[in-house]
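J.: One file is attached below, query.tsv, containing TSV, C-alpha atoms and all ligand atoms.
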chain	number	residue	atom	x	y	z
A	1	MET	CA	12.20	-11.69	-2.61
A	2	HIS	CA	11.42	-11.11	1.07
A	3	THR	CA	7.78	-11.87	1.80
A	4	VAL	CA	5.16	-11.95	4.53
A	5	THR	CA	2.51	-14.66	4.80
A	6	LEU	CA	-1.06	-13.36	4.91
A	7	ASN	CA	-3.76	-14.89	7.14
A	8	ASN	CA	-4.97	-17.10	4.27
A	9	GLY	CA	-1.49	-18.44	3.49
A	10	VAL	CA	-0.84	-16.19	0.47
A	11	GLU	CA	2.75	-14.86	0.24
A	12	MET	CA	3.08	-11.11	-0.28
A	13	PRO	CA	6.34	-9.26	-1.02
A	14	ILE	CA	7.31	-7.03	1.91
A	15	LEU	CA	8.52	-4.29	-0.43
A	16	GLY	CA	6.66	-3.03	-3.47
A	17	PHE	CA	6.02	-0.08	-5.73
A	18	GLY	CA	3.15	2.45	-5.40
A	19	VAL	CA	1.76	4.58	-8.23
A	20	TYR	CA	-0.38	7.21	-6.50
A	21	GLN	CA	-0.09	10.65	-8.12
A	22	ILE	CA	1.64	9.34	-11.23
A	23	ASP	CA	-0.98	10.92	-13.43
A	24	ASP	CA	0.89	10.92	-16.73
A	25	GLU	CA	0.18	7.55	-18.39
A	26	ASP	CA	3.57	7.28	-20.08
A	27	VAL	CA	5.45	8.18	-16.90
A	28	CYS	CA	3.41	5.64	-14.95
A	29	GLU	CA	4.03	2.88	-17.49
A	30	GLU	CA	7.75	3.62	-17.60
A	31	SER	CA	8.06	3.77	-13.79
A	32	VAL	CA	6.27	0.45	-13.26
A	33	TYR	CA	8.30	-1.10	-16.08
A	34	ASN	CA	11.54	0.14	-14.46
A	35	ALA	CA	10.41	-1.14	-11.06
A	36	LEU	CA	9.68	-4.61	-12.46
A	37	MET	CA	12.99	-4.66	-14.33
A	38	GLU	CA	14.82	-3.78	-11.08
A	39	GLY	CA	13.19	-6.67	-9.24
A	40	TYR	CA	10.05	-5.25	-7.59
A	41	ARG	CA	7.29	-7.86	-7.59
A	42	LEU	CA	4.49	-5.97	-5.80
A	43	ILE	CA	2.65	-3.18	-7.61
A	44	ASP	CA	0.04	-1.06	-5.78
A	45	THR	CA	-2.53	0.93	-7.74
A	46	ALA	CA	-6.18	1.94	-7.28
A	47	ALA	CA	-9.18	2.66	-9.50
A	48	VAL	CA	-9.19	6.27	-8.30
A	49	TYR	CA	-5.55	6.79	-9.38
A	50	GLU	CA	-6.80	6.40	-12.96
A	51	ASN	CA	-3.60	4.66	-14.04
A	52	GLU	CA	-4.59	0.98	-13.97
A	53	GLU	CA	-4.28	0.79	-17.77
A	54	ALA	CA	-0.71	2.08	-17.68
A	55	VAL	CA	0.13	-0.42	-14.93
A	56	GLY	CA	-1.36	-3.23	-17.04
A	57	ARG	CA	0.69	-2.19	-20.07
A	58	ALA	CA	3.89	-2.11	-18.00
A	59	ILE	CA	3.24	-5.58	-16.58
A	60	LYS	CA	2.66	-6.95	-20.06
A	61	ARG	CA	5.72	-5.19	-21.52
A	62	SER	CA	7.97	-6.42	-18.69
A	63	GLY	CA	7.56	-10.05	-19.70
A	64	VAL	CA	7.72	-11.04	-16.02
A	65	PRO	CA	5.53	-14.14	-15.57
A	66	ARG	CA	2.14	-13.18	-14.14
A	67	GLU	CA	2.45	-15.57	-11.19
A	68	GLU	CA	5.64	-13.79	-10.05
A	69	ILE	CA	3.89	-10.42	-9.69
A	70	PHE	CA	1.64	-9.44	-6.80
A	71	VAL	CA	-0.87	-6.88	-8.06
A	72	THR	CA	-3.05	-4.79	-5.76
A	73	THR	CA	-5.83	-2.43	-6.72
A	74	LYS	CA	-8.56	-0.76	-4.69
A	75	LEU	CA	-12.30	-0.19	-4.76
A	76	TRP	CA	-13.21	3.50	-4.56
A	77	VAL	CA	-16.07	4.96	-2.46
A	78	GLN	CA	-18.29	5.72	-5.49
A	79	ASP	CA	-18.42	1.96	-6.20
A	80	ALA	CA	-19.22	0.83	-2.65
A	81	GLY	CA	-21.99	-1.77	-2.40
A	82	TYR	CA	-22.51	-5.37	-3.50
A	83	LYS	CA	-23.43	-4.88	-7.18
A	84	SER	CA	-21.22	-1.85	-7.83
A	85	ALA	CA	-18.21	-3.54	-6.24
A	86	LYS	CA	-18.53	-6.55	-8.54
A	87	LYS	CA	-18.80	-4.27	-11.58
A	88	ALA	CA	-15.88	-2.09	-10.44
A	89	PHE	CA	-13.74	-5.18	-9.89
A	90	GLU	CA	-14.35	-6.39	-13.46
A	91	THR	CA	-13.54	-2.90	-14.80
A	92	SER	CA	-10.25	-2.78	-12.87
A	93	LEU	CA	-9.30	-6.28	-13.98
A	94	LYS	CA	-9.96	-5.38	-17.62
A	95	LYS	CA	-7.94	-2.16	-17.38
A	96	LEU	CA	-5.06	-4.09	-15.82
A	97	GLN	CA	-5.34	-6.77	-18.56
A	98	LEU	CA	-5.40	-9.46	-15.88
A	99	ASP	CA	-7.62	-12.46	-15.24
A	100	TYR	CA	-7.15	-12.47	-11.47
A	101	LEU	CA	-5.98	-10.05	-8.79
A	102	ASP	CA	-3.62	-10.80	-5.91
A	103	LEU	CA	-5.09	-8.28	-3.49
A	104	TYR	CA	-8.24	-6.16	-3.67
A	105	LEU	CA	-8.72	-3.49	-1.01
A	106	ILE	CA	-11.68	-1.38	0.07
A	107	HIS	CA	-9.91	1.97	-0.34
A	108	MET	CA	-11.82	3.98	2.28
A	109	PRO	CA	-14.09	2.98	5.18
A	110	PHE	CA	-17.04	4.94	3.75
A	111	GLY	CA	-20.29	4.00	2.00
A	112	ASP	CA	-21.74	0.48	1.94
A	113	ILE	CA	-18.58	-1.35	3.00
A	114	HIS	CA	-20.54	-4.45	4.08
A	115	GLY	CA	-22.06	-4.89	0.62
A	116	SER	CA	-18.61	-4.40	-0.91
A	117	TRP	CA	-17.03	-6.93	1.43
A	118	HIS	CA	-19.73	-9.51	0.68
A	119	ALA	CA	-19.02	-9.12	-3.05
A	120	MET	CA	-15.26	-9.37	-2.47
A	121	GLU	CA	-15.69	-12.53	-0.39
A	122	GLU	CA	-17.58	-14.12	-3.29
A	123	LEU	CA	-14.90	-13.05	-5.79
A	124	CYS	CA	-12.31	-14.56	-3.50
A	125	HIS	CA	-14.21	-17.86	-3.31
A	126	GLU	CA	-14.51	-17.85	-7.12
A	127	GLY	CA	-10.72	-17.64	-7.36
A	128	LYS	CA	-10.72	-14.20	-9.00
A	129	ILE	CA	-8.88	-12.58	-6.07
A	130	ARG	CA	-6.21	-14.29	-3.96
A	131	ALA	CA	-6.64	-12.06	-0.90
A	132	ILE	CA	-8.96	-9.24	0.17
A	133	GLY	CA	-8.31	-6.41	2.57
A	134	VAL	CA	-9.00	-2.82	3.47
A	135	SER	CA	-7.30	0.54	3.60
A	136	ASN	CA	-7.58	3.47	5.99
A	137	PHE	CA	-9.70	1.46	8.44
A	138	LEU	CA	-9.44	2.39	12.10
A	139	ASN	CA	-9.69	-0.54	14.48
A	140	ASP	CA	-13.39	-0.04	15.24
A	141	ARG	CA	-14.22	-0.25	11.51
A	142	LEU	CA	-12.04	-3.35	11.20
A	143	MET	CA	-13.88	-5.01	14.07
A	144	ASP	CA	-17.22	-4.14	12.45
A	145	LEU	CA	-16.18	-6.14	9.37
A	146	ILE	CA	-14.68	-8.99	11.37
A	147	VAL	CA	-17.79	-9.65	13.46
A	148	ASP	CA	-20.17	-9.48	10.50
A	149	HIS	CA	-18.36	-11.54	7.84
A	150	GLU	CA	-16.67	-14.83	7.15
A	151	ILE	CA	-13.31	-13.57	5.84
A	152	VAL	CA	-11.07	-11.50	8.13
A	153	PRO	CA	-9.27	-8.79	6.09
A	154	ALA	CA	-5.80	-10.00	5.12
A	155	VAL	CA	-4.34	-6.48	5.00
A	156	ASN	CA	-5.00	-2.97	6.31
A	157	GLN	CA	-3.13	-0.41	4.23
A	158	VAL	CA	-2.70	2.70	6.38
A	159	GLU	CA	-0.55	5.80	6.59
A	160	THR	CA	2.60	4.53	8.31
A	161	HIS	CA	6.02	6.18	8.39
A	162	VAL	CA	8.56	7.36	10.93
A	163	PHE	CA	6.35	10.30	11.98
A	164	THR	CA	3.13	8.21	12.20
A	165	GLN	CA	4.29	4.86	13.48
A	166	GLN	CA	0.92	3.15	14.19
A	167	VAL	CA	2.27	1.29	17.22
A	168	GLU	CA	-1.13	0.71	18.88
A	169	ASN	CA	-2.75	-0.31	15.58
A	170	ALA	CA	0.09	-2.71	14.93
A	171	GLN	CA	-0.69	-4.47	18.19
A	172	PHE	CA	-4.43	-4.74	17.38
A	173	VAL	CA	-3.95	-6.07	13.86
A	174	LYS	CA	-1.36	-8.56	15.06
A	175	GLU	CA	-3.92	-10.01	17.46
A	176	HIS	CA	-6.30	-10.46	14.51
A	177	GLN	CA	-3.65	-11.68	12.02
A	178	ILE	CA	-4.11	-8.69	9.73
A	179	GLN	CA	-1.02	-7.50	7.88
A	180	ILE	CA	-0.19	-3.78	8.07
A	181	GLU	CA	0.86	-2.24	4.78
A	182	SER	CA	2.37	1.23	4.90
A	183	TRP	CA	1.16	3.86	2.48
A	184	GLY	CA	3.23	7.02	2.34
A	185	PRO	CA	6.37	5.30	3.68
A	186	PHE	CA	8.24	8.59	3.12
A	187	ALA	CA	5.37	10.68	4.53
A	188	GLU	CA	5.09	11.86	0.91
A	189	GLY	CA	8.25	13.88	1.54
A	190	LYS	CA	6.70	15.91	4.37
A	191	ASN	CA	8.62	17.13	7.47
A	192	ASN	CA	11.81	17.24	5.38
A	193	ILE	CA	12.06	13.46	5.94
A	194	PHE	CA	14.97	12.90	3.56
A	195	LYS	CA	17.10	15.35	5.59
A	196	ASN	CA	15.85	14.28	9.01
A	197	GLU	CA	18.82	14.34	11.42
A	198	VAL	CA	18.04	11.05	13.13
A	199	LEU	CA	17.55	9.21	9.83
A	200	VAL	CA	20.61	10.82	8.22
A	201	SER	CA	22.89	9.98	11.16
A	202	ILE	CA	21.78	6.32	11.11
A	203	ALA	CA	22.05	6.25	7.31
A	204	GLU	CA	25.65	7.55	7.36
A	205	LYS	CA	26.64	4.81	9.77
A	206	HIS	CA	25.32	2.14	7.38
A	207	HIS	CA	26.46	3.95	4.15
A	208	LYS	CA	22.83	4.22	3.13
A	209	SER	CA	20.34	7.06	2.52
A	210	ALA	CA	17.64	8.38	4.85
A	211	ALA	CA	15.08	6.94	2.41
A	212	GLN	CA	16.62	3.48	2.69
A	213	VAL	CA	16.65	3.71	6.50
A	214	ALA	CA	12.96	4.74	6.53
A	215	LEU	CA	12.06	1.68	4.41
A	216	ARG	CA	14.34	-0.70	6.28
A	217	TRP	CA	12.78	0.44	9.57
A	218	LEU	CA	9.29	-0.42	8.25
A	219	THR	CA	10.20	-3.81	6.84
A	220	GLN	CA	12.21	-4.69	9.93
A	221	ARG	CA	8.97	-4.13	11.88
A	222	GLY	CA	7.30	-6.64	9.54
A	223	ILE	CA	5.34	-3.91	7.74
A	224	VAL	CA	4.87	-4.06	3.96
A	225	ALA	CA	6.06	-0.84	2.25
A	226	ILE	CA	5.18	0.49	-1.23
A	227	PRO	CA	7.33	3.58	-1.95
A	228	LYS	CA	6.60	5.62	-5.06
A	229	SER	CA	9.12	7.32	-7.32
A	230	VAL	CA	9.19	8.32	-10.95
A	231	HIS	CA	13.01	8.47	-10.96
A	232	LYS	CA	14.87	5.32	-11.96
A	233	GLU	CA	17.80	5.96	-9.61
A	234	ARG	CA	15.41	6.33	-6.67
A	235	ILE	CA	13.45	3.24	-7.75
A	236	ILE	CA	16.74	1.33	-7.54
A	237	GLU	CA	17.77	3.00	-4.25
A	238	ASN	CA	14.44	2.21	-2.59
A	239	PHE	CA	14.71	-1.46	-3.51
A	240	ASN	CA	18.22	-1.80	-2.16
A	241	ILE	CA	17.45	-2.22	1.55
A	242	PHE	CA	18.09	-5.87	2.28
A	243	ASP	CA	21.88	-5.74	2.53
A	244	PHE	CA	22.00	-4.00	5.91
A	245	GLU	CA	20.25	-4.25	9.26
A	246	LEU	CA	19.23	-1.58	11.76
A	247	SER	CA	20.41	-2.26	15.30
A	248	LYS	CA	18.09	-2.26	18.30
A	249	GLU	CA	19.55	1.15	19.17
A	250	ASP	CA	18.83	2.51	15.64
A	251	MET	CA	15.24	1.24	15.86
A	252	GLU	CA	14.78	2.89	19.28
A	253	LYS	CA	16.15	6.21	18.03
A	254	ILE	CA	13.61	6.20	15.20
A	255	THR	CA	10.83	5.52	17.72
A	256	THR	CA	11.41	9.06	19.08
A	257	LEU	CA	10.23	10.57	15.77
A	258	ASP	CA	6.65	9.35	16.27
A	259	THR	CA	4.05	12.15	16.51
A	260	LYS	CA	1.29	9.53	17.04
A	261	GLU	CA	-0.85	11.57	14.65
A	262	SER	CA	-1.60	11.45	10.97
A	263	LEU	CA	0.46	13.87	8.89
A	264	ILE	CA	-1.40	13.35	5.62
A	265	LEU	CA	-4.95	12.07	6.08
A	266	SER	CA	-6.96	12.48	9.27
A	267	LEU	CA	-9.77	9.94	9.25
A	268	HIS	CA	-11.36	11.56	12.31
A	269	ASP	CA	-12.06	14.83	10.54
A	270	PRO	CA	-15.67	15.13	9.21
A	271	GLY	CA	-14.49	17.58	6.54
A	272	THR	CA	-12.02	15.02	5.21
A	273	VAL	CA	-14.68	12.29	5.20
A	274	GLU	CA	-17.05	14.58	3.26
A	275	ARG	CA	-14.35	15.56	0.75
A	276	ILE	CA	-13.27	11.97	0.12
A	277	SER	CA	-16.82	10.63	-0.09
A	278	ASN	CA	-17.64	13.20	-2.78
A	279	MET	CA	-14.48	12.51	-4.78
A	280	LYS	CA	-15.32	10.77	-8.06
A	281	PHE	CA	-13.26	9.52	-10.97
A	282	HIS	CA	-14.26	8.82	-14.57
A	283	ASP	CA	-14.88	5.24	-15.52
A	301	LIG	P1	5.70	8.19	-0.56
A	301	LIG	O1	6.08	6.93	-1.22
A	301	LIG	O2	5.76	8.30	0.91
A	301	LIG	O3	6.59	9.39	-1.11
A	301	LIG	C1	6.71	9.65	-2.47
A	301	LIG	C2	7.57	10.91	-2.60
A	301	LIG	O4	8.93	10.64	-2.20
A	301	LIG	C3	7.61	11.42	-4.01
A	301	LIG	O5	7.63	12.83	-3.96
A	301	LIG	C4	8.96	10.89	-4.54
A	301	LIG	O6	9.48	11.74	-5.53
A	301	LIG	C5	9.81	10.95	-3.30
A	301	LIG	N1	10.89	9.94	-3.27
A	301	LIG	C6	10.77	8.61	-3.51
A	301	LIG	N2	11.94	7.99	-3.31
A	301	LIG	C7	12.83	8.92	-2.93
A	301	LIG	C8	14.20	8.88	-2.59
A	301	LIG	N3	14.88	7.73	-2.57
A	301	LIG	N4	14.82	10.05	-2.26
A	301	LIG	C9	14.13	11.21	-2.26
A	301	LIG	N5	12.82	11.32	-2.59
A	301	LIG	C10	12.17	10.18	-2.92
A	301	LIG	O7	4.22	8.65	-1.01
A	301	LIG	P2	2.97	7.94	-1.66
A	301	LIG	O8	3.16	7.77	-3.12
A	301	LIG	O9	1.77	8.72	-1.25
A	301	LIG	O10	2.87	6.51	-0.97
A	301	LIG	C11	3.34	5.33	-1.57
A	301	LIG	C12	2.18	4.51	-2.17
A	301	LIG	O11	1.22	4.19	-1.17
A	301	LIG	C13	1.38	5.25	-3.22
A	301	LIG	O12	2.05	5.39	-4.45
A	301	LIG	C14	0.12	4.40	-3.28
A	301	LIG	O13	0.35	3.22	-4.02
A	301	LIG	C15	-0.07	4.10	-1.80
A	301	LIG	N6	-1.00	5.08	-1.14
A	301	LIG	C16	-2.19	4.61	-0.68
A	301	LIG	C17	-3.07	5.46	-0.05
A	301	LIG	C18	-4.37	4.91	0.46
A	301	LIG	O14	-5.26	5.69	0.81
A	301	LIG	N7	-4.53	3.61	0.50
A	301	LIG	C19	-2.76	6.81	0.11
A	301	LIG	C20	-1.54	7.27	-0.36
A	301	LIG	C21	-0.65	6.40	-0.98
A	301	LIG	P3	9.75	11.27	-7.06
A	301	LIG	O15	8.58	10.47	-7.53
A	301	LIG	O16	9.89	12.58	-7.76
A	301	LIG	O17	11.02	10.48	-7.01
Let me see whether you can do it: turn the structure in this file into structure tokens.
Ligand code: NAP
T.:
Amino acid sequence: MHTVTLNNGVEMPILGFGVYQIDDEDVCEESVYNALMEGYRLIDTAAVYENEEAVGRAIKRSGVPREEIFVTTKLWVQDAGYKSAKKAFETSLKKLQLDYLDLYLIHMPFGDIHGSWHAMEELCHEGKIRAIGVSNFLNDRLMDLIVDHEIVPAVNQVETHVFTQQVENAQFVKEHQIQIESWGPFAEGKNNIFKNEVLVSIAEKHHKSAAQVALRWLTQRGIVAIPKSVHKERIIENFNIFDFELSKEDMEKITTLDTKESLILSLHDPGTVERISNMKFHD
């Protein structure tokens, strides 16, 4: 398994499996089970996806030793704050049928993130979480956490794909030893990514698919990627990216696809912030 080393020394697989929008419990369990059977060792879920129980069942059913699997879940906005974060963490852990978590992320930079981070630091010190991080944080929000707390986030999980390359953010987080993790590595299928001419032409050269090139490009930049699929053949395809290498020229060609803007979630838009902050899930 190819890994990256986080700022606290914890090893994290560079390629994993995401379960956003797999709402059907049985489909989620089967997909995670298939992913684990095919060799994935990083699973990314979130309380708000409402599928932590299915993920837990799949992990148990797989028989893969717990210490070989890197499990991430996320704290949703409705549970922001010191006390609520601790309670939400215990709820997630129970649903996942685990006694510790590998990575716990603040899902969105909204609400009482400082209270949440304080709680997460304590859970980390107690050995209940191996690493803590954030998601969808712009650099100013990251700095706000860094200056005010003891633990520097190990990870920032942000929208990153060939159309939103996060080049400037990558530079900032590198300076602060924060690992970028790409969500939406296929831009959730937007912009006809799987038929993109640049990706397809590079893929043909390497006898690979556009999807594999998109993932290889991320991991070759040192970015962790967590593609989602409910189809077994795609789960296998997406994992099969370590037997080829993109050339410098391939990497440069892909650079031209960058729009430098978010395609899926604009964190600058007050309407989006309001919508997300009001989004609640059932406990
Ligand atoms: P994604 O992985 O970019 O794209 C998933 C889409 O691509 C699905 O429609 C899937 O269809 C399709 N697909 C997958 N492999 C394919 C292949 N080889 N060929 C053709 N189509 C393929 O989108 P995502 O699920 O939004 O992002 C990945 C993970 O990131 C999520 O599952 C979640 O864990 C995380 N995430 C985090 C946040 C956050 O705010 N922190 C936000 C979004 C996502 P099928 O399933 O039908 O195969």
J.: Expressed in Å to a single decimal, how great is the separation between atom CA of Thr3 of chain A and atom CA of His176 of chain A?
T.: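 Value for the atom CA of Thr3 of chain A-atom CA of His176 of chain A distance: 19.0 Å.
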J.: Listed atoms of ligand LIG 301 (chain A), axis-aligned box, 8 Å per side: centre and edge lengths to one decimal in Å, as JSON?
T.:
{"center_x": 4.8, "center_y": 8.0, "center_z": -3.4, "size_x": 36.1, "size_y": 25.6, "size_z": 24.7}
J.: With distances taken over only C-alpha atoms, which of A:Lys128, A:Ser116, A:Asp23, A:Glu252 is nearest to Glu90 of chain A?
T.: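 Smallest separation from Glu90 of chain A among the options: A:Lys128.
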J.: Residues within 6 Å of ligand LIG 301 (chain A), counting all atoms listed in the file: report them as JSON, numbers by chain.
T.: {"A": [18, 19, 20, 44, 45, 107, 135, 157, 183, 184, 185, 186, 187, 188, 189, 211, 226, 227, 228, 229, 230, 231, 234, 237, 238]}
J.: Please determine, counting only C-alpha atoms, which residue among A:Lys232, A:Val10, A:Leu215, A:Trp76 has the shortest atom-to-atom distance to Cys28 of chain A.
T.: A:Lys232
J.: By how many Å are atom CA of Glu121 of chain A and atom CA of Pro270 of chain A apart?
T.: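 Result for atom CA of Glu121 of chain A versus atom CA of Pro270 of chain A: 29.3 Å, one decimal.
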J.: Given the point (17.0, 8.7, 4.7) in the file's coordinates, find the residues that have an atom at most 6 Å from it, counting all atoms listed in the file, and give them as a list in words.
T.: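 Nearby residues: Phe194, Leu199, Val200, Ser209, Ala210, Ala211, Gln212, Val213 and Ala214 of chain A.
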J.: Ranking A:Gln165, A:Ser31, A:Asn51, A:Gln177 by minimum distance to Thr5 of chain A and counting all atoms listed in the file, which one comes first?
T.: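 Under the stated criterion, the closest residue is A:Gln177.
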J.: Using only C-alpha atoms, which residue out of A:Ser84, A:Pro65, A:Lys208, A:Leu98 lies closest to Glu52 of chain A?
T.: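 Of A:Ser84, A:Pro65, A:Lys208, A:Leu98, the one nearest Glu52 of chain A, counting only C-alpha atoms, is A:Leu98.
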J.: Can you work out the spacing between atom CA of Val134 of chain A and atom CA of Lys86 of chain A in Å, to one decimal?
T.: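 These two atoms are separated by 15.8 Å.
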J.: Which neighbours of Ile254 of chain A fall inside 8 Å, counting all atoms listed in the file, when residues of the same chain fewer than 3 positions from it are skipped, and could you give them as number ranges by chain?
T.: A: 162, 198-199, 250-251, 257-258
J.: Give me, as an NGL selection string, all polymer residues having an atom no more than 12 Å from Val55 of chain A, counting all atoms listed in the file and skipping those fewer than 4 positions away in the same chain.
T.: :A and (17-20 or 22-36 or 42-47 or 49-51 or 59-62 or 69 or 71-73 or 92-98)
J.: Closest to Ile241 of chain A among A:Arg41, A:Lys83, A:His2, A:Lys190, using all atoms listed in the file?
T.: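 Comparing A:Arg41, A:Lys83, A:His2, A:Lys190 against Ile241 of chain A, the winner is A:His2.
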J.: Compare A:Asp243, A:Glu274, A:Glu126, A:Glu53 by their minimum atom-to-atom distance to Gly111 of chain A, counting only C-alpha atoms, and give me the closest one.
T.: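 The shortest atom-to-atom distance to Gly111 of chain A comes from A:Glu274.
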